[in-house]
Structures are given as C-alpha cells and as structure tokens.
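start-v6.tsv (TSV, C-alpha atoms) appears below.
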chain	number	residue	atom	x	y	z
C	124	MET	CA	202.91	-23.13	-76.97
C	125	ARG	CA	204.39	-26.40	-78.23
C	126	ARG	CA	205.00	-26.62	-81.90
C	127	ILE	CA	203.91	-29.71	-83.82
C	128	ASP	CA	206.85	-30.45	-86.00
C	129	GLY	CA	208.12	-32.87	-88.63
C	130	TRP	CA	206.34	-36.19	-89.09
C	131	ARG	CA	203.60	-35.41	-86.55
C	132	SER	CA	202.28	-32.49	-88.57
C	133	ARG	CA	202.43	-34.56	-91.76
C	134	VAL	CA	200.50	-37.41	-90.09
C	135	ALA	CA	197.93	-34.93	-88.80
C	136	VAL	CA	197.44	-33.45	-92.28
C	137	LEU	CA	197.14	-36.95	-93.78
C	138	VAL	CA	194.58	-38.02	-91.18
C	139	LEU	CA	192.55	-34.86	-91.78
C	140	ALA	CA	192.72	-35.36	-95.55
C	141	ALA	CA	191.63	-39.01	-95.21
C	142	VAL	CA	188.72	-38.05	-92.98
C	143	GLY	CA	187.72	-35.29	-95.41
C	144	ALA	CA	187.90	-37.61	-98.40
C	145	THR	CA	185.88	-40.39	-96.82
C	146	SER	CA	183.25	-38.25	-95.13
C	147	CYS	CA	179.78	-38.70	-96.50
C	148	VAL	CA	178.45	-35.67	-98.33
C	149	SER	CA	175.09	-36.41	-99.86
C	150	PRO	CA	173.89	-34.13	-102.64
C	151	PRO	CA	170.60	-32.32	-102.03
C	152	GLU	CA	167.64	-34.51	-102.89
C	153	ARG	CA	166.30	-33.76	-106.35
C	154	GLN	CA	162.64	-32.94	-106.32
C	155	SER	CA	160.98	-32.55	-109.70
C	156	TYR	CA	157.66	-30.77	-110.02
C	157	PRO	CA	155.79	-31.88	-113.16
C	158	LEU	CA	153.75	-28.89	-114.29
C	159	TYR	CA	151.93	-30.71	-117.04
C	160	PRO	CA	148.85	-32.90	-117.09
C	161	GLY	CA	148.84	-36.64	-117.47
C	162	PRO	CA	151.36	-39.32	-116.59
C	163	PRO	CA	155.08	-38.59	-116.08
C	164	GLN	CA	156.93	-38.00	-119.34
C	165	PRO	CA	160.51	-39.06	-120.09
C	166	LEU	CA	163.07	-36.30	-119.65
C	167	ALA	CA	163.61	-36.18	-123.42
C	168	GLU	CA	159.97	-35.10	-123.84
C	169	VAL	CA	159.97	-32.25	-121.32
C	170	ALA	CA	161.86	-29.04	-120.66
C	171	VAL	CA	163.59	-29.02	-117.28
C	172	LEU	CA	163.67	-25.64	-115.55
C	173	ARG	CA	166.00	-25.43	-112.57
C	174	LEU	CA	165.00	-22.77	-110.09
C	175	GLY	CA	168.67	-21.83	-109.80
C	176	ASP	CA	168.99	-18.41	-108.18
C	177	ALA	CA	165.26	-17.96	-107.70
C	178	LYS	CA	164.08	-18.88	-104.21
C	179	VAL	CA	160.48	-18.85	-105.37
C	180	ALA	CA	159.23	-18.70	-108.95
C	181	ARG	CA	155.75	-18.58	-110.39
C	182	ILE	CA	155.52	-20.58	-113.57
C	183	ASP	CA	152.33	-20.33	-115.65
C	184	GLY	CA	150.60	-19.02	-112.53
C	185	LEU	CA	151.77	-21.76	-110.17
C	186	THR	CA	154.34	-21.26	-107.46
C	187	ALA	CA	157.40	-23.46	-107.01
C	188	ALA	CA	159.70	-22.78	-104.06
C	189	GLN	CA	163.28	-23.99	-103.57
C	190	GLY	CA	162.38	-25.68	-100.27
C	191	ASP	CA	159.85	-27.85	-102.09
C	192	TRP	CA	161.35	-28.41	-105.52
C	193	THR	CA	164.70	-28.14	-107.21
C	194	GLU	CA	163.35	-28.20	-110.76
C	195	VAL	CA	160.14	-27.90	-112.67
C	196	HIS	CA	159.27	-30.08	-115.66
C	197	LEU	CA	157.29	-28.38	-118.40
C	198	LEU	CA	155.91	-29.37	-121.73
C	199	PRO	CA	157.87	-27.77	-124.57
C	200	GLY	CA	156.48	-24.44	-125.71
C	201	ARG	CA	155.78	-20.96	-124.37
C	202	HIS	CA	155.80	-20.36	-120.63
C	203	ARG	CA	155.37	-17.39	-118.32
C	204	ILE	CA	157.86	-17.14	-115.48
C	205	GLU	CA	157.89	-14.60	-112.63
C	206	TRP	CA	160.30	-14.34	-109.73
C	207	THR	CA	161.89	-11.81	-107.47
C	208	ASP	CA	165.35	-10.82	-108.57
C	209	ARG	CA	167.99	-8.67	-106.98
C	210	TYR	CA	168.63	-5.75	-109.30
C	211	ALA	CA	171.90	-3.79	-109.09
C	212	GLU	CA	172.26	-0.23	-110.42
C	213	ASP	CA	175.74	-0.85	-111.86
C	214	ALA	CA	178.58	-3.38	-111.97
C	215	ALA	CA	180.18	-2.01	-108.79
C	216	ALA	CA	176.92	-2.35	-106.86
C	217	GLN	CA	176.52	-5.84	-108.27
C	218	ALA	CA	180.01	-6.76	-107.09
C	219	ARG	CA	179.12	-5.52	-103.59
C	220	LEU	CA	175.93	-7.62	-103.76
C	221	GLU	CA	173.91	-4.44	-103.32
C	222	GLY	CA	170.65	-3.79	-105.03
C	223	ARG	CA	166.91	-3.81	-104.67
C	224	ASP	CA	164.35	-6.51	-105.20
C	225	GLU	CA	162.58	-6.44	-108.49
C	226	ILE	CA	159.88	-8.73	-109.82
C	227	ARG	CA	160.95	-10.16	-113.15
C	228	GLN	CA	158.31	-11.36	-115.53
C	229	ILE	CA	159.31	-13.07	-118.74
C	230	VAL	CA	157.84	-15.26	-121.40
C	231	VAL	CA	160.15	-17.86	-122.92
C	232	ASP	CA	159.96	-20.67	-125.43
C	233	LEU	CA	161.41	-23.84	-123.95
C	234	GLU	CA	162.43	-26.95	-125.87
C	235	ALA	CA	162.04	-30.62	-124.98
C	236	GLY	CA	165.20	-32.33	-123.78
C	237	HIS	CA	166.82	-29.06	-122.72
C	238	THR	CA	167.67	-27.99	-119.18
C	239	TYR	CA	167.29	-24.33	-118.26
C	240	SER	CA	168.05	-22.38	-115.13
C	241	LEU	CA	166.94	-19.06	-113.70
C	242	ARG	CA	169.66	-16.57	-112.90
C	243	SER	CA	169.73	-13.61	-110.59
C	244	ARG	CA	171.49	-10.33	-111.30
C	245	HIS	CA	171.97	-11.21	-114.95
C	246	TRP	CA	170.60	-9.44	-117.96
C	247	ASP	CA	169.92	-12.87	-119.47
C	248	ALA	CA	167.57	-14.28	-116.91
C	249	VAL	CA	167.17	-17.79	-118.31
C	250	ILE	CA	170.12	-19.78	-119.54
C	251	ASP	CA	169.85	-22.92	-121.63
C	252	GLU	CA	172.34	-25.20	-119.86
C	253	THR	CA	172.18	-27.70	-122.70
C	254	THR	CA	173.55	-25.21	-125.26
C	255	GLY	CA	175.12	-22.73	-122.83
C	256	ARG	CA	173.20	-19.89	-124.49
C	257	PRO	CA	170.78	-17.40	-122.96
C	258	VAL	CA	167.12	-17.82	-123.84
C	259	PRO	CA	165.51	-14.81	-125.55
C	260	ALA	CA	162.75	-13.31	-123.42
C	261	LEU	CA	159.46	-12.40	-125.11
C	262	PRO	CA	157.11	-9.61	-123.96
C	263	TRP	CA	155.09	-10.39	-120.87
C	264	THR	CA	151.43	-11.28	-121.27
C	265	GLU	CA	148.85	-11.71	-118.52
C	266	LEU	CA	146.97	-14.98	-118.23
J	71	MET	CA	201.28	-12.35	-69.11
J	72	ARG	CA	199.84	-14.04	-66.06
J	73	ARG	CA	197.88	-10.93	-65.08
J	74	SER	CA	196.25	-10.69	-68.53
J	75	ARG	CA	195.21	-14.34	-68.33
J	76	VAL	CA	193.67	-13.78	-64.90
J	77	ARG	CA	191.84	-10.73	-66.27
J	78	ARG	CA	190.54	-12.73	-69.27
J	79	VAL	CA	189.34	-15.58	-67.04
J	80	GLY	CA	187.69	-13.01	-64.78
J	81	ARG	CA	185.89	-11.41	-67.72
J	82	ILE	CA	184.65	-14.78	-69.03
J	83	GLY	CA	183.52	-15.72	-65.52
J	84	TRP	CA	181.65	-12.42	-65.17
J	85	LEU	CA	179.90	-12.91	-68.54
J	86	LEU	CA	178.96	-16.48	-67.62
J	87	ALA	CA	177.60	-15.32	-64.29
J	88	VAL	CA	175.54	-12.59	-65.99
J	89	GLY	CA	174.28	-15.12	-68.53
J	90	LEU	CA	173.27	-17.55	-65.81
J	91	VAL	CA	171.71	-15.02	-63.51
J	92	ALA	CA	169.98	-12.75	-66.03
J	93	ALA	CA	167.66	-15.42	-67.32
J	94	CYS	CA	164.53	-15.03	-69.39
J	95	VAL	CA	161.69	-17.47	-69.00
J	96	VAL	CA	159.35	-18.01	-71.94
J	97	VAL	CA	155.96	-19.47	-71.15
J	98	PRO	CA	154.00	-20.48	-74.25
J	99	TYR	CA	150.22	-20.55	-74.23
J	100	SER	CA	147.56	-21.41	-76.83
J	101	PRO	CA	145.12	-18.57	-77.36
J	102	PRO	CA	141.45	-19.55	-77.70
J	103	THR	CA	140.41	-20.36	-81.26
J	104	GLU	CA	137.08	-20.18	-83.00
J	105	SER	CA	136.18	-22.37	-85.98
J	106	SER	CA	133.05	-22.00	-88.04
J	107	SER	CA	131.62	-22.71	-91.47
J	108	THR	CA	131.80	-19.86	-93.89
J	109	PRO	CA	129.56	-19.37	-96.94
J	110	VAL	CA	131.10	-20.15	-100.33
J	111	ARG	CA	130.57	-18.04	-103.48
J	112	LEU	CA	131.49	-20.11	-106.48
J	113	GLU	CA	131.19	-17.33	-109.06
J	114	HIS	CA	134.95	-16.75	-108.68
J	115	ALA	CA	135.90	-20.44	-108.68
J	116	ASP	CA	137.45	-19.96	-112.12
J	117	ARG	CA	140.03	-17.64	-110.51
J	118	VAL	CA	141.33	-20.33	-108.16
J	119	LEU	CA	143.99	-22.81	-109.29
J	120	LEU	CA	144.43	-26.03	-107.35
J	121	THR	CA	148.06	-26.96	-106.86
J	122	VAL	CA	150.38	-29.48	-105.25
J	123	GLY	CA	153.21	-26.91	-105.30
J	124	PRO	CA	153.71	-26.41	-101.54
J	125	ARG	CA	154.97	-29.97	-101.15
J	126	GLN	CA	156.35	-29.72	-97.61
J	127	PHE	CA	153.27	-27.90	-96.37
J	128	LEU	CA	150.98	-30.57	-97.80
J	129	GLU	CA	153.14	-33.36	-96.37
J	130	ASP	CA	153.02	-31.76	-92.92
J	131	THR	CA	149.24	-31.41	-93.20
J	132	SER	CA	148.97	-35.03	-94.29
J	133	ASP	CA	150.95	-36.18	-91.21
J	134	ALA	CA	148.91	-33.95	-88.91
J	135	LEU	CA	145.60	-35.31	-90.22
J	136	ARG	CA	146.73	-38.92	-89.89
J	137	ARG	CA	147.84	-38.27	-86.31
J	138	ARG	CA	144.31	-37.07	-85.55
J	139	ASP	CA	142.57	-40.06	-87.12
J	140	ARG	CA	144.34	-43.31	-87.91
J	141	ASP	CA	141.64	-44.30	-90.38
J	142	ILE	CA	142.48	-41.37	-92.62
J	143	GLU	CA	144.40	-42.35	-95.71
J	144	ILE	CA	146.00	-39.69	-97.89
J	145	VAL	CA	146.06	-40.44	-101.60
J	146	ASP	CA	149.02	-39.42	-103.71
J	147	SER	CA	148.57	-35.81	-104.81
J	148	PHE	CA	149.95	-36.28	-108.32
J	149	THR	CA	147.83	-39.37	-108.92
J	150	PHE	CA	144.75	-37.49	-107.75
J	151	ARG	CA	145.60	-34.44	-109.86
J	152	GLY	CA	146.07	-36.66	-112.91
J	153	ALA	CA	142.75	-38.42	-112.28
J	154	VAL	CA	140.58	-35.33	-111.87
J	155	PHE	CA	142.39	-33.00	-114.28
J	156	PRO	CA	143.48	-35.32	-117.09
J	157	GLU	CA	143.93	-32.43	-119.52
J	158	GLY	CA	145.38	-29.86	-117.09
J	159	ASP	CA	143.49	-26.60	-116.45
J	160	TRP	CA	143.62	-27.01	-112.68
J	161	ARG	CA	140.91	-24.46	-111.86
J	162	LEU	CA	138.47	-25.11	-109.04
J	163	SER	CA	135.58	-24.32	-111.38
J	164	ARG	CA	136.68	-27.18	-113.66
J	165	LEU	CA	136.82	-29.57	-110.70
J	166	LEU	CA	133.24	-28.67	-109.76
J	167	ASP	CA	131.97	-28.89	-113.34
J	168	PRO	CA	129.01	-31.34	-113.27
J	169	GLU	CA	130.47	-33.11	-116.33
J	170	ARG	CA	133.37	-34.20	-114.15
J	171	HIS	CA	131.41	-35.99	-111.45
J	172	ALA	CA	132.33	-39.40	-112.84
J	173	LEU	CA	136.04	-38.50	-112.78
J	174	LEU	CA	135.84	-37.25	-109.20
J	175	ALA	CA	134.00	-40.34	-108.02
J	176	ALA	CA	136.63	-42.56	-109.64
J	177	SER	CA	139.59	-40.53	-108.36
J	178	GLY	CA	140.40	-42.91	-105.51
J	179	ALA	CA	139.62	-40.32	-102.83
J	180	ASP	CA	136.41	-39.62	-100.90
J	181	TYR	CA	137.11	-35.96	-100.17
J	182	LEU	CA	139.47	-33.27	-101.37
J	183	VAL	CA	140.74	-30.93	-98.69
J	184	VAL	CA	142.02	-27.65	-100.08
J	185	VAL	CA	144.45	-26.49	-97.44
J	186	GLY	CA	145.05	-22.83	-96.81
J	187	PRO	CA	147.98	-21.37	-94.92
J	188	VAL	CA	147.64	-19.55	-91.61
J	189	LEU	CA	147.51	-15.83	-92.31
J	190	THR	CA	148.65	-13.48	-89.59
J	191	GLY	CA	147.81	-9.80	-89.40
J	192	ALA	CA	150.23	-7.01	-88.59
J	193	PRO	CA	151.11	-7.17	-84.88
J	194	ASP	CA	149.78	-4.47	-82.57
J	195	GLU	CA	152.74	-3.59	-80.35
J	196	ARG	CA	152.52	-1.60	-77.14
J	197	GLY	CA	155.11	-0.69	-74.54
J	198	LEU	CA	158.85	-1.32	-74.69
J	199	PHE	CA	160.74	-4.45	-73.77
J	200	VAL	CA	164.43	-4.89	-74.51
J	201	GLY	CA	166.87	-7.72	-74.00
J	202	THR	CA	170.50	-6.71	-73.42
J	203	ALA	CA	173.66	-8.49	-72.35
J	204	TYR	CA	172.92	-7.20	-68.86
J	205	GLY	CA	169.37	-8.42	-68.53
J	206	PHE	CA	165.85	-7.75	-69.77
J	207	TYR	CA	164.08	-4.49	-69.11
J	208	GLY	CA	160.68	-2.91	-69.67
J	209	ALA	CA	157.19	-4.17	-70.33
J	210	GLY	CA	155.28	-4.65	-73.55
J	211	THR	CA	152.51	-6.50	-75.30
J	212	ASN	CA	152.20	-7.71	-78.86
J	213	THR	CA	148.81	-8.79	-80.17
J	214	THR	CA	148.53	-10.86	-83.36
J	215	GLN	CA	145.50	-12.18	-85.16
J	216	GLY	CA	145.67	-15.40	-87.14
J	217	SER	CA	143.21	-17.11	-89.43
J	218	ALA	CA	143.09	-20.10	-91.72
J	219	LEU	CA	140.62	-21.35	-94.25
J	220	MET	CA	140.11	-24.87	-95.57
J	221	LEU	CA	137.71	-26.15	-98.15
J	222	ILE	CA	136.32	-29.69	-98.20
J	223	VAL	CA	134.98	-31.07	-101.47
J	224	ASP	CA	132.78	-34.15	-101.42
J	225	LEU	CA	134.08	-36.06	-104.42
J	226	ALA	CA	131.22	-38.57	-104.57
J	227	ARG	CA	128.72	-35.71	-104.98
J	228	GLY	CA	131.03	-33.32	-106.79
J	229	GLU	CA	130.17	-30.42	-104.52
J	230	ILE	CA	131.60	-28.41	-101.64
J	231	LEU	CA	130.91	-30.05	-98.31
J	232	ASP	CA	132.10	-27.17	-96.17
J	233	ALA	CA	134.46	-24.23	-95.94
J	234	LEU	CA	135.96	-23.89	-92.48
J	235	ARG	CA	137.48	-20.75	-91.10
J	236	THR	CA	139.45	-20.70	-87.86
J	237	ARG	CA	140.44	-17.50	-86.11
J	238	ALA	CA	142.45	-16.65	-83.03
J	239	GLU	CA	143.90	-13.59	-81.38
J	240	GLY	CA	146.93	-14.03	-79.19
J	241	THR	CA	148.82	-11.54	-77.07
J	242	ASP	CA	152.47	-11.86	-76.08
J	243	VAL	CA	153.23	-10.20	-72.77
J	244	ALA	CA	156.79	-9.46	-71.70
J	245	VAL	CA	158.06	-7.91	-68.50
J	246	GLY	CA	161.61	-7.60	-67.32
J	247	PHE	CA	163.86	-6.02	-64.74
J	248	PHE	CA	167.12	-7.86	-65.13
J	249	TYR	CA	165.11	-11.13	-65.20
J	250	GLY	CA	162.66	-11.48	-68.06
J	251	LEU	CA	159.32	-13.20	-68.30
J	252	ILE	CA	157.65	-13.63	-71.67
J	253	VAL	CA	154.22	-15.16	-72.04
J	254	HIS	CA	154.14	-16.16	-75.70
J	255	ALA	CA	150.91	-16.79	-77.60
J	256	THR	CA	151.32	-19.61	-80.11
J	257	THR	CA	148.68	-18.06	-82.36
J	258	GLU	CA	149.79	-19.53	-85.66
J	259	SER	CA	150.14	-23.12	-84.49
J	260	SER	CA	146.93	-22.89	-82.45
J	261	VAL	CA	144.99	-21.78	-85.52
J	262	ARG	CA	146.54	-24.53	-87.57
J	263	ARG	CA	145.74	-27.23	-85.01
J	264	ALA	CA	142.17	-26.02	-84.48
J	265	CYS	CA	141.54	-25.81	-88.22
J	266	LEU	CA	142.74	-29.37	-88.76
J	267	ASP	CA	140.66	-30.54	-85.78
J	268	SER	CA	137.57	-28.97	-87.32
J	269	VAL	CA	138.33	-30.61	-90.69
J	270	VAL	CA	138.46	-34.04	-89.07
J	271	GLU	CA	135.32	-33.31	-86.99
J	272	THR	CA	133.41	-32.19	-90.08
J	273	LEU	CA	134.47	-35.25	-92.05
J	274	ARG	CA	133.63	-37.61	-89.20
J	275	ARG	CA	130.21	-36.01	-88.83
J	276	VAL	CA	129.28	-37.06	-92.37
J	277	HIS	CA	131.41	-40.19	-92.44
J	278	PRO	CA	131.39	-41.47	-88.85
J	279	ASP	CA	133.17	-44.79	-89.24
J	280	GLY	CA	135.71	-46.54	-91.35
J	281	ARG	CA	138.46	-45.57	-93.71
J	282	LEU	CA	138.48	-42.05	-95.09
J	283	ARG	CA	140.50	-41.40	-98.24
J	284	LEU	CA	141.56	-37.78	-98.58
J	285	ALA	CA	143.33	-35.88	-101.31
J	286	LEU	CA	145.17	-32.72	-100.30
J	287	MET	CA	145.83	-29.72	-102.50
J	288	ALA	CA	146.59	-26.04	-101.99
J	289	ALA	CA	145.17	-23.10	-103.91
J	290	GLU	CA	146.57	-20.12	-105.80
J	291	PRO	CA	144.74	-17.11	-107.21
J	292	ILE	CA	144.72	-16.27	-110.91
J	293	GLY	CA	145.54	-12.67	-111.77
J	294	SER	CA	145.27	-11.51	-108.19
J	295	SER	CA	147.46	-11.04	-105.17
J	296	GLU	CA	144.59	-11.93	-102.85
J	297	TYR	CA	144.61	-15.09	-100.82
J	298	ALA	CA	143.09	-17.73	-103.15
J	299	LEU	CA	140.40	-19.20	-100.90
J	300	SER	CA	139.23	-15.75	-99.83
J	301	LEU	CA	138.14	-15.23	-103.46
J	302	ILE	CA	135.41	-17.82	-103.02
J	303	THR	CA	134.36	-17.24	-99.41
J	304	GLU	CA	132.58	-14.46	-97.58

Can the structure in the file be given as structure tokens, please?
Amino acid sequence: MRRIDGWRSRVAVLVLAAVGATSCVSPPERQSYPLYPGPPQPLAEVAVLRLGDAKVARIDGLTAAQGDWTEVHLLPGRHRIEWTDRYAEDAAAQARLEGRDEIRQIVVDLEAGHTYSLRSRHWDAVIDETTGRPVPALPWTEL
Amino acid sequence: MRRSRVRRVGRIGWLLAVGLVAACVVVPYSPPTESSSTPVRLEHADRVLLTVGPRQFLEDTSDALRRRDRDIEIVDSFTFRGAVFPEGDWRLSRLLDPERHALLAASGADYLVVVGPVLTGAPDERGLFVGTAYGFYGAGTNTTQGSALMLIVDLARGEILDALRTRAEGTDVAVGFFYGLIVHATTESSVRRACLDSVVETLRRVHPDGRLRLALMAAEPIGSSEYALSLITE
C-alpha cells in the first residue's frame, strides 16, 4: 500500500475540513402544535412543551407524535401529560440502556413564556429549560 | 498473500452468484374490499375528541382526496378548528350541538371528514417459509384483516351524512425451494384507497358538481383505549 505523506495528507485533510464546513446541514423543521382554542398566541403568552425524549405524548387527552410535531404550545396552567418511558431498575441498567417500558402520567403546572421538555429515564420527567429546574409533578387525575 | 486474495475473490464471487441466482420474486396484489355505510350511535359522541394531531396522516389523506377529485378543496385544519370550536372543548358532541349550526355553516367548509386509520387484526400464520443466505425454503400463508372507518359531517345541516366502513381480508402466500415466490396482499393500502374512494363517491352523490370544500380531522377517545370512531358506530 502506498502511504500518503507530507503535504498531500495535509491538503487532503484541509479539503475534507472545507467540504465538512461548507456542507449544508439544515436543522429539523420546527412544527408547533397549538393545543389551545382561538387564534395563535405570541410565544410569551404560551407554555412551550418540547416532546424531547418522548416519541409520542398525550397531552390533555390529545396525542402529539414526534413525526408530526416537535413542540406543543399550551395555555399556562395545569396540564395532564402521558407518555411511554423507558424505566431502568438501577443506575447500571440505565447506563446499559436496559429497562422496560412504563407509561408515565403526570400533572404539571406550566407557565407562560417558559419552555419545557419531556425527559426519559429521569426521575424528574419535565424540565423547565428556561430556569433549568425540574417541574414538580402533581398527582394524576383522570379527565 | 496471493493465494489468500484469490480465495477472498472466490468467496465474494460465490456469494454474488448465490445472491443473483437465489432470487425471490414478490408479486403484490390488492385483495377485494367491501365498503358500506354503518349506523351511528351518537350517545357516546361526548367521548370522542376531534383532533388535528396526526398532521402527516391528515396531509396524506388531503393529497389522496385531491388526486381523486380535482374540485375538492381542503380547508386549513387549524382555521376550521378555530371556527367551529372557538372556546376549545373539541368533542364531537359539541360539534353536533344544534346551537352550533350557524358556526358550522360559516366555517368555510361544506363537509368535515373525520378520518380513521386502517386497523389490522392479528395475522393468521400457517406453514413455514424461511429466507436464508442460500435461498428460500418452505411454504406458508399469512392472512390479515384490515378495516377503516370514516365519518362525514354535513356542515350546512349540522348532522352526520354518513359513516363509511371498509373491510378487506388479504392472504400472503409464499413458496420457496432455493427460489422464492411471495404473493403479497396489500391489505392496508387497499382498505385505505377503497375507503377514500367511497368517501368521494358518497360526497359526489349528494353534491354532484362543482367545488367541494372539505375539512379533515382525526378522532381520539376520551378515557378509553378503544378506537375513537368505533365508540359511535355499530
């Protein structure tokens, strides 16, 4: 095998780096699902819930799937969220990405102007990305 | 060194030859479908939520309907939802509330089509058919039943025009002895196509000519794991 040496290898690396830097990577299209009545509200007036780790979530009885939406817009206040989570028995199992599916059902109070996201395999299932704090979960109630 | 390269080339050649010779032919076929009206029981309409959640599914349905009839116009789902449910509470019973007739008539759509997914039953498998690197062997069948349900609401009258159910049963047949032949029943897509055909036929029966403005929504059950539209049909 012939070895690429000296300036040739450097040129090759530079060309690859240039191609990598200029290649077009478009971010996934943001699809917002307004789960409130009436006309669209400004972002400061609604709570944004990113589906995050949840492939499919049911929010106030309505389903939102990752393939359709990236985030759900809700009026501030109390909301019921259900989704299937991967539950690990212990930290070692979690590290090995082992576990079983478990339906999580929580009730949370969401604030206007804040962005939240759902997390898998975390004790704190909903994180407030605006403050960086977990959102306290309230007891589940049926509709 | 040279011998190992010859052996490697030989092995790749042998695998390519097996891949080319041991072919499997798949022949798709559409199983017969049956579409009919099904009675509607509205006593459980308050357990059905109308939704625009399955965005991609509704977009695909919208394209499929417009391909069938160029005079069909699909109104924006969010605009329609805002017009007929100004205060939220997206239950079917609220939509059909006689007090709402004026809102429905002014919604910008002539009909609402509540689109249901194709549901498939557990397959009934018989025989044994296996595909290996050295060909396909055995014989087997796999029978699947599919059904879909769609609801059409006449928005000018504020009442259900029809509920259409389409059913089909398709059987995959596979036989193989080195070569494989699979006859594949496209049950799910056949049901979907037939159900959309019957929606357009039904609409054109009552509205033979001209532009047809449709709103599309899906349905979800409240407090139930049942399929939403089966809650209100027999």

Proximity to chain C - best of J:Glu157, J:Glu296, J:Glu239, J:Asp279, only C-alpha atoms: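 Closest candidate: J:Glu157.
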
Between atom CA of J:Glu258 and atom CA of J:Phe199 - distance in Å to one decimal: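 Between these atoms lies a distance of 22.1 Å.
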
Chain C residues near chain J (6 Å cut-off, only C-alpha atoms) as a PyMOL selection string: chain C and resi 160-161+187+191

C:Ala167 environment, 9 Å, all atoms listed in the file, sequence neighbours closer than 3 positions dropped, as JSON, numbers by chain: {"C": [164, 170, 235, 236, 237]}

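Take atom CA of C:Arg227 and atom CA of C:His202: the distance between them is 13.7 Å.
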
Interatomic distance, atom CA of J:Pro193 to atom CA of J:Thr236 (Å, one decimal):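 Value for the atom CA of J:Pro193-atom CA of J:Thr236 distance: 18.1 Å.
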